[in-house]
>>> print(open('run03.txt').read())   # compact mmCIF, C-alpha atoms and all ligand atoms
# COMPACT_ATOMS: atom_id res chain seq x y z
CA MET A 1 -21.78 18.25 -21.94
CA SER A 2 -21.29 14.84 -20.42
CA GLN A 3 -18.42 13.55 -22.55
CA VAL A 4 -15.28 13.46 -20.39
CA LYS A 5 -12.45 15.21 -22.15
CA LEU A 6 -9.72 15.00 -19.56
CA GLN A 7 -9.46 12.45 -16.78
CA ALA A 8 -6.67 12.23 -14.21
CA SER A 9 -6.82 9.02 -12.17
CA GLU A 10 -4.86 8.39 -8.96
CA LEU A 11 -2.19 10.80 -10.16
CA SER A 12 0.84 11.16 -7.90
CA VAL A 13 4.03 13.17 -8.44
CA ASN A 14 7.19 13.21 -6.36
CA TYR A 15 10.03 15.71 -6.40
CA GLY A 16 12.81 13.49 -5.05
CA PRO A 17 11.65 12.40 -1.60
CA PHE A 18 8.89 15.05 -1.50
CA THR A 19 5.35 13.98 -2.43
CA ALA A 20 3.87 16.95 -4.31
CA LEU A 21 0.67 15.21 -5.47
CA GLU A 22 -1.05 12.19 -4.03
CA GLY A 23 -3.91 10.27 -5.63
CA ILE A 24 -5.46 13.08 -7.66
CA ASN A 25 -8.76 12.12 -9.33
CA MET A 26 -10.31 14.82 -11.44
CA ASN A 27 -11.97 15.36 -14.77
CA VAL A 28 -13.02 18.03 -17.19
CA LYS A 29 -16.03 17.39 -19.41
CA ASN A 30 -16.63 18.65 -22.90
CA GLY A 31 -17.44 22.36 -22.88
CA GLU A 32 -16.83 22.91 -19.17
CA LEU A 33 -14.84 25.55 -17.38
CA VAL A 34 -13.27 23.86 -14.36
CA VAL A 35 -11.11 25.55 -11.74
CA LEU A 36 -8.40 24.10 -9.51
CA LEU A 37 -8.30 26.23 -6.37
CA GLY A 38 -5.48 26.23 -3.91
CA ALA A 39 -3.01 28.41 -2.05
CA ASN A 40 0.61 28.93 -3.05
CA GLY A 41 2.39 25.60 -3.18
CA ALA A 42 -0.78 23.47 -2.95
CA GLY A 43 0.15 21.61 -6.13
CA LYS A 44 -1.87 23.26 -8.90
CA SER A 45 1.07 23.85 -11.24
CA THR A 46 2.30 20.33 -10.58
CA ILE A 47 -1.06 18.97 -11.76
CA PHE A 48 -0.75 21.09 -14.89
CA ARG A 49 2.78 19.91 -15.54
CA ALA A 50 1.80 16.28 -14.99
CA ILE A 51 -1.06 16.64 -17.50
CA SER A 52 1.06 18.45 -20.05
CA GLY A 53 3.93 15.97 -19.90
CA LEU A 54 6.48 18.25 -18.22
CA ASN A 55 6.45 16.24 -14.97
CA LYS A 56 6.51 12.48 -14.99
CA PRO A 57 3.90 11.08 -12.59
CA SER A 58 5.21 8.48 -10.15
CA SER A 59 1.86 6.72 -10.49
CA GLY A 60 -1.54 7.20 -12.00
CA GLU A 61 -2.84 7.96 -15.45
CA VAL A 62 -4.10 10.82 -17.53
CA HIS A 63 -6.59 10.25 -20.36
CA PHE A 64 -7.62 12.78 -22.97
CA LEU A 65 -10.63 11.97 -25.18
CA GLY A 66 -10.34 8.36 -24.07
CA LYS A 67 -6.64 8.00 -24.97
CA GLU A 68 -3.90 7.60 -22.40
CA ILE A 69 -1.53 10.55 -22.72
CA ASN A 70 1.06 9.82 -20.02
CA GLY A 71 4.56 10.35 -21.30
CA LEU A 72 3.57 12.17 -24.50
CA SER A 73 5.75 15.16 -25.34
CA PRO A 74 4.26 18.67 -25.12
CA ASP A 75 4.22 19.04 -28.93
CA LYS A 76 2.26 15.77 -29.30
CA LEU A 77 -0.22 17.08 -26.74
CA VAL A 78 -0.63 20.30 -28.73
CA LYS A 79 -1.40 18.15 -31.76
CA LEU A 80 -4.05 16.30 -29.73
CA GLY A 81 -5.55 19.64 -28.71
CA ILE A 82 -4.16 20.39 -25.23
CA VAL A 83 -2.49 23.76 -24.86
CA GLN A 84 -1.13 25.12 -21.63
CA CYS A 85 -0.66 28.77 -20.81
CA PRO A 86 1.90 28.61 -18.02
CA GLU A 87 2.22 30.73 -14.91
CA GLY A 88 4.63 33.59 -15.63
CA ARG A 89 3.49 33.73 -19.26
CA LYS A 90 6.78 32.62 -20.87
CA LEU A 91 6.58 35.02 -23.80
CA PHE A 92 9.43 35.91 -26.15
CA PRO A 93 10.05 39.47 -24.85
CA MET A 94 12.19 40.73 -27.76
CA MET A 95 9.75 39.50 -30.38
CA SER A 96 6.70 41.50 -31.42
CA VAL A 97 3.17 40.77 -30.32
CA TYR A 98 2.42 39.49 -33.82
CA GLU A 99 5.47 37.20 -33.82
CA ASN A 100 4.57 35.79 -30.41
CA LEU A 101 1.06 35.01 -31.62
CA HIS A 102 2.41 33.49 -34.80
CA MET A 103 4.64 31.14 -32.75
CA GLY A 104 1.53 29.76 -31.06
CA GLY A 105 0.08 28.63 -34.35
CA PHE A 106 3.03 27.15 -36.13
CA VAL A 107 2.63 23.52 -34.99
CA LEU A 108 -0.91 23.10 -36.25
CA ARG A 109 -2.13 26.03 -38.27
CA LYS A 110 -0.38 25.52 -41.58
CA SER A 111 -2.12 27.64 -44.17
CA LYS A 112 -1.99 31.42 -44.22
CA LYS A 113 -5.78 31.44 -44.08
CA GLU A 114 -5.85 29.38 -40.85
CA ILE A 115 -3.18 31.55 -39.24
CA LYS A 116 -5.00 34.72 -40.22
CA GLU A 117 -8.26 33.32 -38.83
CA SER A 118 -6.62 32.52 -35.47
CA LEU A 119 -4.86 35.88 -35.37
CA GLU A 120 -8.14 37.70 -35.96
CA TYR A 121 -9.79 35.65 -33.20
CA ALA A 122 -7.03 36.65 -30.73
CA TYR A 123 -7.19 40.31 -31.84
CA ASP A 124 -10.99 40.35 -31.51
CA LEU A 125 -10.78 38.94 -27.98
CA PHE A 126 -8.04 41.39 -27.00
CA PRO A 127 -8.24 44.47 -29.28
CA ILE A 128 -5.23 46.06 -27.53
CA LEU A 129 -3.06 43.32 -29.06
CA ARG A 130 -4.10 44.47 -32.53
CA ASP A 131 -3.14 48.05 -31.65
CA LYS A 132 0.23 46.91 -30.34
CA LYS A 133 0.95 44.12 -32.80
CA ASN A 134 4.33 45.53 -33.86
CA GLN A 135 5.52 46.30 -30.32
CA ALA A 136 7.95 44.04 -28.45
CA ALA A 137 6.10 41.71 -26.06
CA GLY A 138 8.45 42.75 -23.27
CA SER A 139 7.26 46.35 -23.51
CA LEU A 140 3.63 45.47 -22.71
CA SER A 141 2.03 45.89 -19.29
CA GLY A 142 1.52 42.79 -17.13
CA GLY A 143 -2.14 42.53 -18.10
CA GLN A 144 -1.38 42.91 -21.80
CA GLN A 145 1.32 40.22 -21.54
CA GLN A 146 -1.22 37.88 -19.97
CA MET A 147 -3.63 38.63 -22.81
CA LEU A 148 -0.87 37.87 -25.30
CA ALA A 149 -0.07 34.58 -23.55
CA ILE A 150 -3.73 33.54 -23.75
CA GLY A 151 -3.99 34.74 -27.35
CA ARG A 152 -0.90 32.74 -28.27
CA ALA A 153 -2.30 29.62 -26.58
CA LEU A 154 -5.50 29.98 -28.62
CA MET A 155 -3.65 30.19 -31.94
CA SER A 156 -3.68 26.41 -32.38
CA LYS A 157 -7.43 26.22 -31.67
CA PRO A 158 -7.07 23.95 -28.62
CA LYS A 159 -9.76 21.51 -27.53
CA LEU A 160 -8.60 22.06 -23.95
CA LEU A 161 -7.05 25.34 -22.83
CA MET A 162 -5.16 25.14 -19.54
CA LEU A 163 -4.57 28.49 -17.83
CA ASP A 164 -2.22 28.61 -14.84
CA GLU A 165 -2.95 31.60 -12.58
CA PRO A 166 -3.92 34.13 -15.23
CA SER A 167 -4.71 36.71 -12.52
CA LEU A 168 -1.23 36.60 -10.98
CA GLY A 169 0.14 40.09 -10.34
CA LEU A 170 -2.70 41.90 -12.09
CA ALA A 171 -4.72 44.85 -10.77
CA PRO A 172 -8.30 43.97 -9.71
CA LEU A 173 -9.92 45.81 -12.64
CA ILE A 174 -7.73 43.94 -15.13
CA VAL A 175 -8.45 40.64 -13.35
CA ASN A 176 -12.18 41.18 -13.91
CA GLN A 177 -11.67 41.92 -17.60
CA MET A 178 -9.41 38.89 -17.96
CA PHE A 179 -11.98 36.58 -16.38
CA GLU A 180 -14.75 37.97 -18.59
CA VAL A 181 -12.70 37.09 -21.65
CA ILE A 182 -11.90 33.62 -20.27
CA GLN A 183 -15.62 33.06 -19.81
CA GLN A 184 -16.23 34.28 -23.37
CA ILE A 185 -13.57 31.88 -24.73
CA ASN A 186 -15.34 29.04 -22.91
CA GLN A 187 -18.78 30.09 -24.11
CA GLN A 188 -17.46 30.16 -27.67
CA GLY A 189 -16.67 26.47 -27.42
CA THR A 190 -13.24 25.97 -25.84
CA THR A 191 -13.10 23.69 -22.78
CA VAL A 192 -11.04 25.38 -20.05
CA LEU A 193 -9.10 24.14 -17.04
CA LEU A 194 -8.05 27.03 -14.83
CA ALA A 195 -5.68 27.00 -11.85
CA GLU A 196 -6.26 29.93 -9.52
CA GLN A 197 -5.69 31.33 -6.07
CA ASN A 198 -8.33 34.00 -6.72
CA ALA A 199 -11.33 31.89 -5.75
CA ASN A 200 -13.70 34.82 -5.78
CA ALA A 201 -13.09 35.66 -9.44
CA ALA A 202 -12.65 32.08 -10.62
CA LEU A 203 -15.80 30.63 -9.01
CA LYS A 204 -17.90 33.35 -10.64
CA ILE A 205 -17.07 32.02 -14.11
CA ALA A 206 -16.40 28.30 -13.51
CA ASP A 207 -18.92 25.44 -13.75
CA ARG A 208 -17.14 23.28 -11.19
CA GLY A 209 -14.08 23.34 -9.01
CA TYR A 210 -11.60 21.21 -7.10
CA VAL A 211 -9.86 22.47 -3.98
CA ILE A 212 -6.25 21.33 -3.60
CA GLU A 213 -4.38 21.33 -0.31
CA ASN A 214 -0.95 19.79 0.23
CA GLY A 215 -1.12 17.87 -3.02
CA GLN A 216 -4.55 16.36 -2.44
CA ILE A 217 -8.10 17.19 -3.49
CA VAL A 218 -9.93 18.05 -0.28
CA LEU A 219 -13.20 19.25 -1.78
CA GLU A 220 -14.97 19.31 -5.12
CA GLY A 221 -18.29 20.54 -6.37
CA LYS A 222 -20.27 22.96 -8.43
CA SER A 223 -19.03 26.53 -8.30
CA GLU A 224 -21.99 27.88 -6.40
CA GLU A 225 -21.63 25.14 -3.75
CA LEU A 226 -17.95 25.96 -3.30
CA PHE A 227 -18.66 29.69 -3.32
CA ASN A 228 -21.18 29.28 -0.49
CA ASN A 229 -19.07 26.82 1.48
CA GLU A 230 -18.05 28.42 4.76
CA GLU A 231 -14.60 26.80 4.88
CA ILE A 232 -13.84 27.96 1.35
CA ARG A 233 -15.05 31.46 2.10
CA LYS A 234 -12.84 31.63 5.19
CA ALA A 235 -9.77 30.18 3.50
CA TYR A 236 -9.94 31.66 0.01
CA ILE A 237 -12.54 34.40 -0.25
CA GLY A 238 -12.06 36.18 3.04
CA ALA A 239 -15.71 36.76 3.87
P1 LIG A 301 2.12 28.21 -6.94
O1 LIG A 301 0.95 29.07 -7.11
O2 LIG A 301 3.09 28.74 -5.96
O3 LIG A 301 2.74 27.76 -8.23
P2 LIG A 301 1.04 25.58 -6.81
O4 LIG A 301 -0.24 25.20 -6.16
O5 LIG A 301 1.02 25.66 -8.28
O6 LIG A 301 1.56 26.93 -6.23
P3 LIG A 301 3.22 23.76 -7.14
O7 LIG A 301 4.10 24.73 -7.86
O8 LIG A 301 2.58 22.69 -7.90
O9 LIG A 301 2.12 24.55 -6.32
O10 LIG A 301 4.08 23.15 -5.95
C1 LIG A 301 3.61 22.11 -5.09
C2 LIG A 301 4.68 21.75 -4.11
O11 LIG A 301 5.79 21.16 -4.79
C3 LIG A 301 5.24 22.96 -3.35
O12 LIG A 301 5.51 22.55 -2.03
C4 LIG A 301 6.53 23.28 -4.08
O13 LIG A 301 7.47 23.85 -3.21
C5 LIG A 301 6.98 21.90 -4.53
N1 LIG A 301 7.74 21.96 -5.80
C6 LIG A 301 7.31 22.48 -6.96
N2 LIG A 301 8.23 22.32 -7.93
C7 LIG A 301 9.27 21.66 -7.36
C8 LIG A 301 10.54 21.21 -7.84
N3 LIG A 301 10.91 21.36 -9.11
N4 LIG A 301 11.35 20.56 -6.95
C9 LIG A 301 10.96 20.38 -5.67
N5 LIG A 301 9.79 20.78 -5.15
C10 LIG A 301 8.95 21.43 -5.99
>>> encode(input="run03.txt", output="structure tokens", more="lines below")
Ligand code: ATP
Amino acid sequence: MSQVKLQASELSVNYGPFTALEGINMNVKNGELVVLLGANGAGKSTIFRAISGLNKPSSGEVHFLGKEINGLSPDKLVKLGIVQCPEGRKLFPMMSVYENLHMGGFVLRKSKKEIKESLEYAYDLFPILRDKKNQAAGSLSGGQQQMLAIGRALMSKPKLLMLDEPSLGLAPLIVNQMFEVIQQINQQGTTVLLAEQNANAALKIADRGYVIENGQIVLEGKSEELFNNEEIRKAYIGA
């Protein structure tokens, strides 16, 4: 459990003159489920994009399994084992569920056997995807599209799965189901970094969390500590 998988050190990102992230220090250890909590615009997606090479940090470093990964292209990161499931899902709406899943595996899963194995894993996690495998992704409900996005991200068997706001726009019942499956994915061996506004749901399944405000980490700790923290409850849980 103690081996650090992902380490961001003094990470800062600017959008022109605007400082979106300042001096972010965070890590995810082998096997953990870690959540980044923060309101709209706090900087969670910017952290994700800086880790996954889509935003160039103005300073700081990101290490994955001891190797510096700053500046690596997203496909190189997939090869190293980092897969991001972005906010808004970014599916191919005209393509079928099966084809969308298949796209997730093509960089790394070469043999038919490997692809079939990953497909079966995704279908077992989300049986509705098996039922709808020939349907266009765009015809699925919001929750089913989110399941497909997570299933697609898992196709390459990532060492680190990064999920950006998987609960966005989903009904409460579906959110609970989604978080149960995310916990299951983690318990089956995939390290997970989750960005969420839904602190209540996320802290129930996470090991640890970081709270982001205005591009800075203002609090970090074990999930139960954050869950019982009065400030956090007032700001994010509403109790
Ligand atoms: P959300 O849930 O809304 O995505 P977030 O915590 O992920 O919130 P970010 O998307 O990382 O927040 O945004 C952090 C800050 O950077 C916000 O103030 C946002 O307006 C700003 N920002 C994000 N992307 C850009 C961009 N491409 N150009 C300029 N400013 C940006």
>>> residues_near_ligand(input="run03.txt", ligand="ligand LIG 301 (chain A)", cutoff="6 Å", atoms="all atoms listed in the file", output="ChimeraX atom specification")
/A:15,20,38-46
>>> atom_distance(input="run03.txt", atom1="atom CA of Glu117 of chain A", atom2="atom CA of Arg152 of chain A")
12.9 Å
>>> closest_residue(input="run03.txt", among="A:Ser139, A:Ser12, A:Gln84, A:Gln197", to="Leu160 of chain A", atoms="only C-alpha atoms")
A:Gln84
>>> residues_near_point(input="run03.txt", point="(-6.9, 35.0, -0.6)", cutoff="9 Å", atoms="only C-alpha atoms", output="PyMOL selection string")
chain A and resi 39+197-200+234-238
>>> write_last_selection(input="run03.txt", atoms="C-alpha atoms", output="mmCIF file, keeping the file's coordinate frame")
data_model
loop_
_atom_site.group_PDB
_atom_site.id
_atom_site.type_symbol
_atom_site.label_atom_id
_atom_site.label_comp_id
_atom_site.auth_asym_id
_atom_site.auth_seq_id
_atom_site.Cartn_x
_atom_site.Cartn_y
_atom_site.Cartn_z
ATOM 1 C CA ALA A 39 -3.010 28.410 -2.050
ATOM 2 C CA GLN A 197 -5.690 31.330 -6.070
ATOM 3 C CA ASN A 198 -8.330 34.000 -6.720
ATOM 4 C CA ALA A 199 -11.330 31.890 -5.750
ATOM 5 C CA ASN A 200 -13.700 34.820 -5.780
ATOM 6 C CA LYS A 234 -12.840 31.630 5.190
ATOM 7 C CA ALA A 235 -9.770 30.180 3.500
ATOM 8 C CA TYR A 236 -9.940 31.660 0.010
ATOM 9 C CA ILE A 237 -12.540 34.400 -0.250
ATOM 10 C CA GLY A 238 -12.060 36.180 3.040
#
>>> atom_distance(input="run03.txt", atom1="atom CA of Leu65 of chain A", atom2="atom CA of Lys5 of chain A")
4.8 Å
>>> build_atoms(input="run03.txt", residues="segment 87-123 of chain A", atoms="N, CA and C atoms", output="tab-separated table (two decimals), in the frame of the given file")
chain	number	residue	atom	x	y	z
A	87	GLU	N	2.05	29.63	-15.84
A	87	GLU	CA	2.22	30.73	-14.91
A	87	GLU	C	3.48	31.50	-15.33
A	88	GLY	N	3.44	32.81	-15.26
A	88	GLY	CA	4.63	33.59	-15.63
A	88	GLY	C	4.72	33.85	-17.12
A	89	ARG	N	3.73	33.37	-17.85
A	89	ARG	CA	3.49	33.73	-19.26
A	89	ARG	C	4.48	33.19	-20.28
A	90	LYS	N	5.78	33.21	-19.97
A	90	LYS	CA	6.78	32.62	-20.87
A	90	LYS	C	6.65	33.11	-22.33
A	91	LEU	N	6.61	34.43	-22.46
A	91	LEU	CA	6.58	35.02	-23.80
A	91	LEU	C	8.01	35.18	-24.33
A	92	PHE	N	8.12	35.56	-25.59
A	92	PHE	CA	9.43	35.91	-26.15
A	92	PHE	C	9.50	37.44	-26.11
A	93	PRO	N	10.18	38.03	-25.10
A	93	PRO	CA	10.05	39.47	-24.85
A	93	PRO	C	10.58	40.35	-25.97
A	94	MET	N	11.60	39.89	-26.70
A	94	MET	CA	12.19	40.73	-27.76
A	94	MET	C	11.38	40.65	-29.05
A	95	MET	N	10.54	39.65	-29.15
A	95	MET	CA	9.75	39.50	-30.38
A	95	MET	C	8.47	40.32	-30.28
A	96	SER	N	7.91	40.66	-31.43
A	96	SER	CA	6.70	41.50	-31.42
A	96	SER	C	5.49	40.68	-30.96
A	97	VAL	N	4.44	41.41	-30.68
A	97	VAL	CA	3.17	40.77	-30.32
A	97	VAL	C	2.75	39.82	-31.44
A	98	TYR	N	2.81	40.31	-32.66
A	98	TYR	CA	2.42	39.49	-33.82
A	98	TYR	C	3.27	38.22	-33.89
A	99	GLU	N	4.59	38.38	-33.71
A	99	GLU	CA	5.47	37.20	-33.82
A	99	GLU	C	5.20	36.19	-32.71
A	100	ASN	N	4.91	36.70	-31.51
A	100	ASN	CA	4.57	35.79	-30.41
A	100	ASN	C	3.30	35.00	-30.73
A	101	LEU	N	2.30	35.70	-31.27
A	101	LEU	CA	1.06	35.01	-31.62
A	101	LEU	C	1.33	33.97	-32.71
A	102	HIS	N	2.09	34.37	-33.68
A	102	HIS	CA	2.41	33.49	-34.80
A	102	HIS	C	3.06	32.19	-34.31
A	103	MET	N	3.95	32.31	-33.31
A	103	MET	CA	4.64	31.14	-32.75
A	103	MET	C	3.64	30.12	-32.19
A	104	GLY	N	2.54	30.64	-31.66
A	104	GLY	CA	1.53	29.76	-31.06
A	104	GLY	C	0.80	28.92	-32.09
A	105	GLY	N	0.84	29.35	-33.34
A	105	GLY	CA	0.08	28.63	-34.35
A	105	GLY	C	0.90	27.72	-35.23
A	106	PHE	N	2.24	27.78	-35.08
A	106	PHE	CA	3.03	27.15	-36.13
A	106	PHE	C	2.97	25.62	-36.15
A	107	VAL	N	2.66	24.99	-35.00
A	107	VAL	CA	2.63	23.52	-34.99
A	107	VAL	C	1.45	22.98	-35.80
A	108	LEU	N	0.31	23.67	-35.69
A	108	LEU	CA	-0.91	23.10	-36.25
A	108	LEU	C	-1.54	23.90	-37.38
A	109	ARG	N	-1.42	25.20	-37.29
A	109	ARG	CA	-2.13	26.03	-38.27
A	109	ARG	C	-1.19	26.28	-39.43
A	110	LYS	N	-1.37	25.52	-40.50
A	110	LYS	CA	-0.38	25.52	-41.58
A	110	LYS	C	-0.64	26.59	-42.63
A	111	SER	N	-1.88	26.73	-43.05
A	111	SER	CA	-2.12	27.64	-44.17
A	111	SER	C	-2.21	29.08	-43.67
A	112	LYS	N	-1.92	30.00	-44.56
A	112	LYS	CA	-1.99	31.42	-44.22
A	112	LYS	C	-3.40	31.78	-43.76
A	113	LYS	N	-4.38	31.14	-44.40
A	113	LYS	CA	-5.78	31.44	-44.08
A	113	LYS	C	-6.08	31.05	-42.62
A	114	GLU	N	-5.60	29.84	-42.23
A	114	GLU	CA	-5.85	29.38	-40.85
A	114	GLU	C	-5.16	30.31	-39.85
A	115	ILE	N	-3.93	30.69	-40.16
A	115	ILE	CA	-3.18	31.55	-39.24
A	115	ILE	C	-3.88	32.91	-39.12
A	116	LYS	N	-4.32	33.42	-40.24
A	116	LYS	CA	-5.00	34.72	-40.22
A	116	LYS	C	-6.29	34.63	-39.39
A	117	GLU	N	-7.01	33.53	-39.57
A	117	GLU	CA	-8.26	33.32	-38.83
A	117	GLU	C	-8.00	33.31	-37.31
A	118	SER	N	-6.94	32.58	-36.90
A	118	SER	CA	-6.62	32.52	-35.47
A	118	SER	C	-6.14	33.87	-34.95
A	119	LEU	N	-5.35	34.55	-35.77
A	119	LEU	CA	-4.86	35.88	-35.37
A	119	LEU	C	-6.04	36.83	-35.15
A	120	GLU	N	-6.98	36.80	-36.07
A	120	GLU	CA	-8.14	37.70	-35.96
A	120	GLU	C	-8.95	37.36	-34.71
A	121	TYR	N	-9.05	36.05	-34.40
A	121	TYR	CA	-9.79	35.65	-33.20
A	121	TYR	C	-9.11	36.24	-31.95
A	122	ALA	N	-7.77	36.12	-31.88
A	122	ALA	CA	-7.03	36.65	-30.73
A	122	ALA	C	-7.17	38.18	-30.67
A	123	TYR	N	-7.07	38.84	-31.82
A	123	TYR	CA	-7.19	40.31	-31.84
A	123	TYR	C	-8.61	40.75	-31.47
